[in-house]
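Okay, structure first, notes after.
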Amino acid sequence: MPLPPVADRPREARPAARQATREVSFKMELSRARQLMLLASTILSNSYFGTISAKSINTNALKGGCVPFLNCYACPSALFSCPIGALQHFSTIRAIPYYLIGFLGLVGLTVGRMACGWLCPFGFLQDLMYKIRSPKFLIPDYFKYFKYLVLLVLVIVLPYITGETTFSMICPAGTLTAGIPWALWNPVNPETGFPVFSTGQGGMFFVSLGILIAFLIWFVLAKRPFCRTTCPMGAIFSFFNKFSMVRLEVGKGCDGCNICQEICPVDLNVPLECNSGECIRCLECTKCSHVSIVTPFSTTNRGFIKNGRPNEL
């Protein structure tokens with residue numbers, strides 16, 4: 001039976017109704033804020049336009065710093081470096097990237113994989129493309145382990161052995177934001193007198209283009225497949241989720257309605273996996289009153305479910 005309008009309810013019921021309205025409004029604003037953050041991150045990290053006149057990759061001082069998500073160094077409009085590209089570079093020269101390790105460790109220990117849910121442009125693209133009407137398919141759980149193999153083999157081992165940035169050659173994010181724009185434009189570099197895009201690299205370009213097309217189709221059919229199965233950046237941050245300052249916990253009053261899983265961008269069983277390495281800390285599941293953000297500064301004193309079991313305080 002529907003509730004009567006607030007004005008017709010007993011006076012003692014009105015504060016609870018107002019509180020519920022405020023909570024719903026806050027949670028809707030949180031979702032909008034995430035979308036705006038993703039859009040702003042996409043624009044700000046790719047807002048260098050000097051390449052139009054220079055006809056070469058941006059090499060200013062900002063390129064010495066990384067962002068905590070995939071952001072191809074070769075993208076014509078990239079302001080910053082990609083941490084995965086930087087990690088490959090250090091593997092090729094057989095050196096330890098102390099600054100990069102410190103930067104990624106600081107981000108990971110603070111917010112875990114939150115950059116994946118709030119900042120990553122390629123993740124944003126996947127969210128948008130999944131909204132296209134089509135048949136939808138689940139991704140088998142064991143596929144999540146493939147990204148660790150990608151990190152180990154394509155980002156670290158092969159670059160160390162061959163001296164080539166192997167993952168960058170086939171990275172779909174790099175193909176979309178760097179390979180395709182340079183191939184379509186392909187200006188003559190005034191410093192070298194040669195076209196930017198070498199025809200000798202055409203074969204590898206078409207391989208990477210095929211990989212990109214396959215992923216774009218997959219984006220429509222499943223929730224964030226690249227993040228869940230392939231992204232080496234996500235693999236790195238996943239190690240920090242259980243220890244980061246920002247975590248999620250599920251109240252023991254959870255009734256298993258699975259609404260949180262339906263709205264989860266990576267299709268997690270939230271009561272069981274809220275602090276697993278797969279959670280991208282998007283906070284969409286906090287629209288359910290049983291899911292809460294927990295930090296070292298939290299003052300709540302409630303029982304929570306951890307790994308499917310109530311945690312009695």
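Identifiers in the structure tokens: chain A, B, ... in order shown; residue index from 1 per chain; ligand index from 1 in order shown.
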Exercise. If you count only C-alpha atoms, which residues fall within 12 Å of segment 192-196 of chain A, apart from same-chain ones fewer than 4 positions away, as a VMD selection string?
Worked result: chain A and resid 51 54 to 57 74 76 178 to 179 181 to 188 200 to 201
Exercise. What residues in segment 114-301 of chain A get the DSSP label helix (DSSP H, G or I)? Please answer as a VMD selection string.
Worked result: chain A and resid 114 to 118 121 to 130 141 to 162 166 to 170 172 to 185 199 to 221 225 to 229 232 to 238 259 to 263 270 to 273 284 to 287
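Of the residues under consideration (A:Pro296, A:Lys131, A:Phe205, A:Ala61), A:Lys131 shows the shortest atom-to-atom contact distance to Ile263 of chain A when counting only C-alpha atoms.
The list of residues with at least one atom within 8 Å of Phe80 of chain A, based on only C-alpha atoms and without residues fewer than 4 positions apart in the same chain, reads Ser45, Leu62, Lys63, Gly64, Gly65, Cys66, Val67, Asn71 and Tyr73 of chain A.
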For this session: Write out as number ranges by chain which residues come within 9 Å of Phe49 of chain A when counting only C-alpha atoms, dropping same-chain ones fewer than 5 positions away.
Result: A: 58, 76-78
Exercise. Met129 of chain A: which residues within 6 Å, counting only C-alpha atoms, same-chain residues fewer than 2 positions away excluded, as a list of chain:residue names?
Worked result: A:Gln126, A:Asp127, A:Lys131, A:Ile132, A:Phe219, A:Val220
Prev. selection, N, CA and C atoms, output as a PDB file, in the first residue's frame:
```pdb
ATOM      1  N   GLN A 126      33.686   2.541 -21.905  1.00  0.00           N
ATOM      2  CA  GLN A 126      33.021   1.254 -21.731  1.00  0.00           C
ATOM      3  C   GLN A 126      31.646   1.405 -21.088  1.00  0.00           C
ATOM      4  N   ASP A 127      31.550   2.280 -20.095  1.00  0.00           N
ATOM      5  CA  ASP A 127      30.256   2.536 -19.455  1.00  0.00           C
ATOM      6  C   ASP A 127      29.240   3.060 -20.468  1.00  0.00           C
ATOM      7  N   LYS A 131      25.590   0.982 -22.579  1.00  0.00           N
ATOM      8  CA  LYS A 131      24.213   1.473 -22.573  1.00  0.00           C
ATOM      9  C   LYS A 131      23.508   1.261 -23.915  1.00  0.00           C
ATOM     10  N   ILE A 132      24.281   0.937 -24.954  1.00  0.00           N
ATOM     11  CA  ILE A 132      23.678   0.662 -26.260  1.00  0.00           C
ATOM     12  C   ILE A 132      22.833  -0.603 -26.164  1.00  0.00           C
ATOM     13  N   PHE A 219      32.495  -4.179 -25.562  1.00  0.00           N
ATOM     14  CA  PHE A 219      32.010  -3.136 -24.659  1.00  0.00           C
ATOM     15  C   PHE A 219      30.488  -3.041 -24.680  1.00  0.00           C
ATOM     16  N   VAL A 220      29.900  -3.266 -25.839  1.00  0.00           N
ATOM     17  CA  VAL A 220      28.443  -3.184 -25.983  1.00  0.00           C
ATOM     18  C   VAL A 220      27.757  -4.379 -25.325  1.00  0.00           C
TER      19      VAL A 220
END
```
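Nearest residue to Asn46 of chain A, choosing from A:Tyr99, A:Lys144, A:Thr177, A:Ser91 and counting only C-alpha atoms: A:Thr177.
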Problem set entry | Residue neighbourhood Arg34 of chain A, 9 Å, only C-alpha atoms, exclusion window fewer than 5 positions, as an MDAnalysis selection string | chainID A and resid 29 39 117:119 282:283
Using C-alpha atoms, can you export the residues from the last selection as a PDB file, in the first residue's frame?
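Once written, result_39.pdb looks like this:
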```
ATOM      1  CA  GLU A  29      24.141  13.508  -7.000  1.00  0.00           C
ATOM      2  CA  LEU A  39      34.237  13.499 -18.377  1.00  0.00           C
ATOM      3  CA  GLY A 117      35.802   4.130 -11.459  1.00  0.00           C
ATOM      4  CA  TRP A 118      36.168   7.911 -11.261  1.00  0.00           C
ATOM      5  CA  LEU A 119      38.956   9.024 -13.621  1.00  0.00           C
ATOM      6  CA  CYS A 282      32.646   3.685  -8.246  1.00  0.00           C
ATOM      7  CA  LEU A 283      30.354   3.810  -5.155  1.00  0.00           C
TER       8      LEU A 283
END
```
Exercise. When distances are computed from only C-alpha atoms, which of A:Gly277, A:Gly85, A:Pro265, A:Pro225 shows the smallest separation from Thr165 of chain A?
Worked result: A:Gly85
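Reported to one decimal place, the separation of atom CA of Pro172 of chain A from atom CA of Phe215 of chain A is 7.6 Å.
Going from atom CA of Trp218 of chain A to atom CA of Val153 of chain A covers 23.1 Å.
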Problem set entry | Among the residues A:Asn269, A:Gly256, A:Ser276, A:Gly163, the one that comes closest to His290 of chain A [using only C-alpha atoms] | A:Gly256
Problem set entry | Residues near Met245 of chain A, cut-off 7 Å, only C-alpha atoms, skip fewer than 5 positions along chain, as a ChimeraX atom specification | /A:109-111,295-296
Keeping only C-alpha atoms, take the residues you just selected and write them out as a JSON list (two decimals), in the first residue's frame.
```
[["chain", "number", "residue", "atom", "x", "y", "z"],
["A", 109, "LEU", "CA", 46.94, 2.62, -0.53],
["A", 110, "THR", "CA", 44.68, 5.65, -0.38],
["A", 111, "VAL", "CA", 41.77, 4.75, -2.67],
["A", 295, "THR", "CA", 37.61, 5.03, 5.99],
["A", 296, "PRO", "CA", 39.95, 5.31, 9.00]]
```
